[in-house]
Amino acid sequence: MCGIVGYVGGRSALDVVISGLRRLEYRGYDSAGVAVLADGGLASVKKAGKLANLEKALDEHPVPAGPAGIGHTRWATHGAPNDVNAHPHLDSAGRVALVHNGIIENFAQLRAELEERGRHLSSETDTEVVSHLLAEAFSSCADLAEAMRQVCRRLEGAFTLVAVHADEPDLVVGARRNSPLVVGIGDGEAFLASDVAAFIEHTREAVELGQDQVVELRRDGVLVTGFDGVPAEDVRAYHVDWDVSAAEKAGYDYFMLKEIAEQPRAVADTLLGRIGSDGALSLDEVRIPAAQLREVDKIVVVACGTAYHAGMIAKYAIEHWTRIPCETELASEFRYRDPILDGRTLVVAISQSGETMDTLMALRHAREQGAKVLAVCNTNGSTIPRESDAVLYTHAGPEVAVASTKAFLTQLVACYLVALYLGQVRGTQWGDEIATVIRELADIAGAVEDVLGTMEPVRELARGLAGKNTVLFLGRHVGYPVALEGALKLKELAYMHAEGFAAGELKHGPIALIEEDVPVVVVVPPPRGRSVLHDKIASNIQEIRARGARTIVIAERGDEAVRAYADHLIEVPPTPTLLQPMVATVPLQVFACELATARGNEVDQPRNLAKSVTVE
Ligand code: M6R
């Protein structure tokens, strides 16, 4: 939540910061602002609403070109999304400018202290207190980095802070606790951002900042210290393996459409390099020793939102292939119920961004209790993999649209790999059995491509439903999380009442929601193999149709048994039951995207949301 950019170097800081903010707008779009150091002073402009409003304000009130600057795009926590609460926040003298991502939990007490000392604060934010504290600390030490360290030692909560001071015109200082911040190293220039996407067009050389570290950015290099002032020893530099084209729309109207289309490639990439020369699965990044994995007697998957739905599907695969009991839990609930964990528990934390605070807190709790944590993550160098015992990266490439699509499919691939790997290590799966599933997984990229080629009727159907208020989703077994995912996509994009149910639960209450012409999407499992599942859901379709529902049935191509009960039939290619979510979810993504467009909603930036949820 909130996107932050900082720059120092030979270019126009304002241009670099604005183009960085453009790439980070997915993180928050309630307001935006910049501050630039120039001509011995500091110029700042900020505006409520999207970045376009800020750009317009800058056209009307240009700021001078300068070598150092900072910028912010906000997802509001404390204080309404208006001009005053927008970042940067300046001190009373207008010499310090500061941007912030996160929440300062002790801000009320700090604000009271400042007000007692006669300081006037003009916004409702937690951030403004920090700019005043920073100005006070600077006035006694005349060193912005030292002032930042002193202030950070007083702050509680989660924060990324980036600041400039008019007295230090070639310096940008950043600090990080529990929120993301990466450094980009260029030739005679340096960048700071919440996400490498902000500076990828200038450099692909990045440095991860650790927990409780302060970084000083100058043209000739960066210096990282702890909040205690001791130079950091664990500074990890890395090369970003995707380029600027991956962070652009490539001709699509929305990032979401591009990301839906990228799914076959992303799925194939996530499988790449996972099979050793002996045909066995080799997950290099899973550095938990095989002996420890053999000892595991319980698996808990923790995640939020779409990643949680991937985790729900993972449970079916893990239990089926490893015979280890597995629970999937919302990360936001996990630590509050005092879960029973020990050294034989494996916690799998799934997160696209690697920064979701609820998931991070769940994994920290798990590790404190002695459990091992394996992260499934898409973002190299992010906090969740850094703090886990092992990581399996999905190779989806950057996901910019707030609605998660390709991350979900690649999380599924990664979860299937984890399940198979555990089965291999523990001997519950033979090599030929694993090889069969891997071949089936390898075929999925083509199957997703096939689905994508048949989506026009789905788009047409979505447009026809744009005036509806409610859409319900039903599924059984792995189709149940698919139903939940379809409903989530519709809620977040189309702002419609959408609910997913386990089809068997319908008769225990939700069937009362069915009335004439209510659209109900039903995910039908493949008829082969688990025919009992298929037959049960065929009956459920008849039950709702008898009560007037308009049935939208997602079924395997050639499944004639359900055709007669489908008002609209969406056919997907044959897959094994456990892998069907990878094809059945795709029409639901397209459906939600088209419905949102038809209703005139912003597809990539739905209201009230942000891509990366870095507050609890
Ligand atoms: O970055 P994460 O995977 O941890 O994010 C988790 C959820 O916030 C995310 O999946 C969210 O539900 C999506 N916007 C749904 O499309």
# chains A, B, ... in the order shown; residues from 1 in each chain; ligands from 1
call {"tool": "closest_atom_pairs", "arguments": {"of": "chain A", "to": "ligand 1", "cutoff": "7 Å", "atoms": "only C-alpha atoms and all ligand atoms", "output": "tab-separated table"}}
result
residue	atom	partner	partner_atom_place_in_ligand_line	distance
A:Ala303	CA	ligand 1	4 (O)	6.4
A:Cys304	CA	ligand 1	6 (C)	4.6
A:Gly305	CA	ligand 1	12 (O)	3.2
A:Thr306	CA	ligand 1	10 (O)	3.8
A:Ala307	CA	ligand 1	10 (O)	4.9
A:Ile350	CA	ligand 1	3 (O)	6.4
A:Ser351	CA	ligand 1	3 (O)	3.5
A:Gln352	CA	ligand 1	3 (O)	3.6
A:Ser353	CA	ligand 1	1 (O)	3.6
A:Gly354	CA	ligand 1	1 (O)	5.8
A:Glu355	CA	ligand 1	1 (O)	6.3
A:Thr356	CA	ligand 1	4 (O)	4.5
A:Thr359	CA	ligand 1	4 (O)	6.7
A:Val402	CA	ligand 1	14 (N)	5.0
A:Ala403	CA	ligand 1	16 (O)	3.4
A:Ser404	CA	ligand 1	16 (O)	3.9
A:Thr405	CA	ligand 1	16 (O)	6.9
A:Leu488	CA	ligand 1	15 (C)	6.8
A:Lys489	CA	ligand 1	16 (O)	5.9
A:Lys611	CA	ligand 1	14 (N)	5.9
A:Ser612	CA	ligand 1	1 (O)	5.5
A:Val613	CA	ligand 1	8 (O)	5.8
call {"tool": "select_by_dssp", "arguments": {"residues": "range 413-519 of chain A", "states": "strand (DSSP E)", "output": "list in words"}}
result
Thr470, Val471, Leu472, Phe473, Leu474, Gly475, His497, Ala498, Glu499, Gly500, Phe501, Ala502 and Pro519 of chain A
call {"tool": "residues_around", "arguments": {"residues": "Ala584 in chain A", "least_positions_apart": "2", "cutoff": "9 Å", "atoms": "only C-alpha atoms", "output": "short mmCIF file (atom, residue, chain, number, x, y, z; two decimals) with N, CA and C atoms, in the first residue's frame"}}
result
data_model
loop_
_atom_site.label_atom_id
_atom_site.label_comp_id
_atom_site.auth_asym_id
_atom_site.auth_seq_id
_atom_site.Cartn_x
_atom_site.Cartn_y
_atom_site.Cartn_z
N VAL A 451 -8.28 -22.15 -23.59
CA VAL A 451 -9.40 -21.44 -22.95
C VAL A 451 -9.42 -19.98 -23.41
N GLY A 479 -13.21 -27.31 -6.94
CA GLY A 479 -14.06 -26.31 -7.60
C GLY A 479 -14.63 -25.30 -6.62
N VAL A 482 -12.38 -22.38 -6.44
CA VAL A 482 -12.53 -21.67 -7.72
C VAL A 482 -13.77 -20.78 -7.67
N VAL A 523 -19.15 -24.54 -11.16
CA VAL A 523 -17.91 -25.16 -11.65
C VAL A 523 -18.07 -26.68 -11.53
N VAL A 524 -18.10 -27.34 -12.67
CA VAL A 524 -18.37 -28.78 -12.68
C VAL A 524 -17.06 -29.55 -12.81
N ILE A 554 -19.57 -24.11 -16.03
CA ILE A 554 -18.21 -24.32 -16.55
C ILE A 554 -17.94 -25.82 -16.46
N ALA A 555 -17.79 -26.46 -17.58
CA ALA A 555 -17.65 -27.92 -17.58
C ALA A 555 -16.62 -28.35 -18.62
N GLU A 556 -16.16 -29.56 -18.44
CA GLU A 556 -15.18 -30.09 -19.39
C GLU A 556 -15.81 -30.25 -20.77
N GLU A 571 -17.11 -24.20 -21.95
CA GLU A 571 -16.37 -25.46 -21.98
C GLU A 571 -14.87 -25.21 -21.79
N VAL A 572 -14.25 -26.09 -20.99
CA VAL A 572 -12.79 -26.00 -20.79
C VAL A 572 -12.18 -27.35 -21.18
N GLN A 580 -7.86 -29.06 -12.42
CA GLN A 580 -8.90 -28.32 -13.16
C GLN A 580 -9.00 -26.84 -12.78
N PRO A 581 -8.70 -26.45 -11.50
CA PRO A 581 -8.77 -25.02 -11.20
C PRO A 581 -7.93 -24.16 -12.13
N MET A 582 -6.87 -24.73 -12.70
CA MET A 582 -6.01 -23.91 -13.55
C MET A 582 -6.69 -23.51 -14.86
N VAL A 586 -9.85 -19.34 -15.35
CA VAL A 586 -9.58 -18.34 -16.40
C VAL A 586 -10.86 -17.68 -16.93
N PRO A 587 -11.93 -18.45 -17.26
CA PRO A 587 -13.15 -17.76 -17.73
C PRO A 587 -13.71 -16.81 -16.68
N LEU A 588 -13.50 -17.13 -15.40
CA LEU A 588 -14.04 -16.26 -14.34
C LEU A 588 -13.27 -14.94 -14.28
#
call {"tool": "residues_around", "arguments": {"residues": "range 31-33 of chain A", "least_positions_apart": "4", "cutoff": "8 Å", "atoms": "only C-alpha atoms", "output": "MDAnalysis selection string"}}
result
chainID A and resid 44:51 54 71:75 81:83 86:88
call {"tool": "residues_around", "arguments": {"residues": "range 114-123 of chain A", "least_positions_apart": "2", "cutoff": "9 Å", "atoms": "only C-alpha atoms", "output": "JSON, numbers by chain"}}
result
{"A": [79, 84, 85, 86, 89, 91, 92, 109, 110, 111, 112, 125, 126, 127, 128, 129, 132, 133]}
call {"tool": "closest_residue", "arguments": {"among": "A:Ile438, A:Val99, A:Leu493, A:Ala232", "to": "Asn601 in chain A", "atoms": "only C-alpha atoms"}}
result
A:Leu493
call {"tool": "atom_distance", "arguments": {"atom1": "CA of Ala250 in chain A", "atom2": "CA of Glu262 in chain A"}}
result
11.1 Å
call {"tool": "atom_distance", "arguments": {"atom1": "CA of Thr614 in chain A", "atom2": "CA of Gly20 in chain A"}}
result
19.2 Å
call {"tool": "atom_distance", "arguments": {"atom1": "CA of His568 in chain A", "atom2": "CA of Leu474 in chain A"}}
result
14.7 Å
call {"tool": "residues_around", "arguments": {"residues": "Leu271 in chain A", "least_positions_apart": "3", "cutoff": "10 Å", "atoms": "only C-alpha atoms", "output": "list in words"}}
result
Ala266, Val267, Ala268, Arg274, Ile275, Thr394, His395, Thr410, Val413, Ala414, Leu417, Ile438, Leu441 and Ala442 of chain A
call {"tool": "write_last_selection", "arguments": {"atoms": "all heavy atoms", "output": "compact mmCIF listing (two decimals), in the first residue's frame"}}
result
# COMPACT_ATOMS: atom_id res chain seq x y z
N ALA A 266 3.47 -17.79 -18.08
CA ALA A 266 3.82 -17.75 -16.66
C ALA A 266 3.78 -19.16 -16.05
O ALA A 266 4.65 -19.54 -15.27
CB ALA A 266 2.86 -16.82 -15.92
N VAL A 267 2.77 -19.91 -16.44
CA VAL A 267 2.63 -21.28 -15.93
C VAL A 267 3.84 -22.11 -16.38
O VAL A 267 4.45 -22.84 -15.59
CB VAL A 267 1.30 -21.89 -16.43
CG1 VAL A 267 1.28 -23.40 -16.29
CG2 VAL A 267 0.13 -21.25 -15.69
N ALA A 268 4.18 -21.99 -17.66
CA ALA A 268 5.32 -22.75 -18.18
C ALA A 268 6.61 -22.32 -17.48
O ALA A 268 7.44 -23.16 -17.10
CB ALA A 268 5.44 -22.53 -19.69
N ARG A 274 12.65 -27.28 -12.83
CA ARG A 274 12.31 -27.96 -11.57
C ARG A 274 12.58 -29.47 -11.64
O ARG A 274 12.47 -30.15 -10.63
CB ARG A 274 10.83 -27.76 -11.23
CG ARG A 274 10.32 -26.33 -11.28
CD ARG A 274 10.93 -25.43 -10.24
NE ARG A 274 10.15 -24.20 -10.08
CZ ARG A 274 10.52 -23.17 -9.35
NH1 ARG A 274 11.67 -23.17 -8.71
NH2 ARG A 274 9.76 -22.10 -9.25
N ILE A 275 12.89 -29.97 -12.83
CA ILE A 275 13.14 -31.40 -12.96
C ILE A 275 14.63 -31.64 -13.17
O ILE A 275 15.22 -31.09 -14.10
CB ILE A 275 12.38 -32.00 -14.18
CG1 ILE A 275 10.94 -31.49 -14.24
CG2 ILE A 275 12.44 -33.53 -14.19
CD1 ILE A 275 10.06 -31.96 -13.13
N THR A 394 7.51 -18.24 -7.75
CA THR A 394 6.71 -18.40 -8.95
C THR A 394 7.36 -17.45 -9.97
O THR A 394 7.91 -16.44 -9.57
CB THR A 394 5.25 -17.97 -8.70
OG1 THR A 394 5.24 -16.67 -8.12
CG2 THR A 394 4.57 -18.93 -7.74
N HIS A 395 7.29 -17.81 -11.23
CA HIS A 395 7.94 -16.95 -12.22
C HIS A 395 6.88 -16.30 -13.10
O HIS A 395 6.89 -16.44 -14.32
CB HIS A 395 8.96 -17.77 -13.02
CG HIS A 395 10.09 -18.26 -12.17
ND1 HIS A 395 10.91 -17.40 -11.47
CD2 HIS A 395 10.49 -19.49 -11.85
CE1 HIS A 395 11.79 -18.10 -10.77
NE2 HIS A 395 11.57 -19.38 -10.98
N THR A 410 0.14 -19.40 -11.15
CA THR A 410 1.51 -19.85 -10.86
C THR A 410 1.65 -20.29 -9.39
O THR A 410 2.45 -21.16 -9.08
CB THR A 410 2.54 -18.76 -11.20
OG1 THR A 410 2.21 -17.57 -10.49
CG2 THR A 410 2.57 -18.48 -12.69
N VAL A 413 0.67 -23.83 -9.50
CA VAL A 413 1.75 -24.69 -10.00
C VAL A 413 2.76 -24.93 -8.88
O VAL A 413 3.17 -26.07 -8.62
CB VAL A 413 2.47 -24.04 -11.21
CG1 VAL A 413 3.68 -24.87 -11.63
CG2 VAL A 413 1.52 -23.88 -12.38
N ALA A 414 3.13 -23.85 -8.20
CA ALA A 414 4.14 -23.98 -7.14
C ALA A 414 3.63 -24.88 -6.01
O ALA A 414 4.38 -25.71 -5.48
CB ALA A 414 4.48 -22.59 -6.59
N LEU A 417 3.86 -28.41 -7.01
CA LEU A 417 5.27 -28.85 -6.94
C LEU A 417 5.68 -29.14 -5.50
O LEU A 417 6.37 -30.12 -5.23
CB LEU A 417 6.19 -27.77 -7.54
CG LEU A 417 6.11 -27.59 -9.06
CD1 LEU A 417 6.96 -26.40 -9.50
CD2 LEU A 417 6.55 -28.85 -9.80
N ILE A 438 3.74 -34.21 -13.54
CA ILE A 438 4.53 -33.13 -14.14
C ILE A 438 4.17 -32.98 -15.62
O ILE A 438 4.03 -31.86 -16.13
CB ILE A 438 6.05 -33.40 -13.96
CG1 ILE A 438 6.43 -33.33 -12.48
CG2 ILE A 438 6.90 -32.44 -14.79
CD1 ILE A 438 6.34 -31.96 -11.87
N LEU A 441 0.94 -31.24 -15.75
CA LEU A 441 1.13 -29.82 -15.45
C LEU A 441 1.72 -29.09 -16.66
O LEU A 441 1.34 -27.96 -16.97
CB LEU A 441 2.07 -29.65 -14.26
CG LEU A 441 1.45 -29.64 -12.87
CD1 LEU A 441 2.53 -29.63 -11.80
CD2 LEU A 441 0.54 -28.42 -12.69
N ALA A 442 2.66 -29.77 -17.33
CA ALA A 442 3.28 -29.14 -18.50
C ALA A 442 2.24 -28.90 -19.60
O ALA A 442 2.36 -27.96 -20.38
CB ALA A 442 4.43 -30.00 -19.01
call {"tool": "select_by_dssp", "arguments": {"residues": "range 401-615 of chain A", "states": "helix (DSSP H, G or I)", "output": "PyMOL selection string"}}
result
chain A and resi 406-426+431-452+456-464+479-494+503-508+510-513+531-546+560-563+577-579+581-598
call {"tool": "residues_around", "arguments": {"residues": "Ala145 in chain A", "least_positions_apart": "6", "cutoff": "12 Å", "atoms": "only C-alpha atoms", "output": "JSON, numbers by chain"}}
result
{"A": [134, 135, 137, 138, 151, 152, 161, 162, 163, 164, 165, 168, 171, 172, 173, 174, 175, 213, 214, 215, 216, 217, 218, 222, 223, 224, 225, 226, 227, 228, 229]}
call {"tool": "closest_residue", "arguments": {"among": "A:Arg476, A:Arg547, A:His534, A:Arg607", "to": "Ile511 in chain A", "atoms": "only C-alpha atoms"}}
result
A:Arg547
call {"tool": "closest_residue", "arguments": {"among": "A:Lys507, A:His309, A:His320, A:Lys315", "to": "Ile544 in chain A", "atoms": "only C-alpha atoms"}}
result
A:Lys507
call {"tool": "closest_residue", "arguments": {"among": "A:Arg459, A:Ala38, A:Gly28, A:Pro264", "to": "Leu14 in chain A", "atoms": "only C-alpha atoms"}}
result
A:Ala38
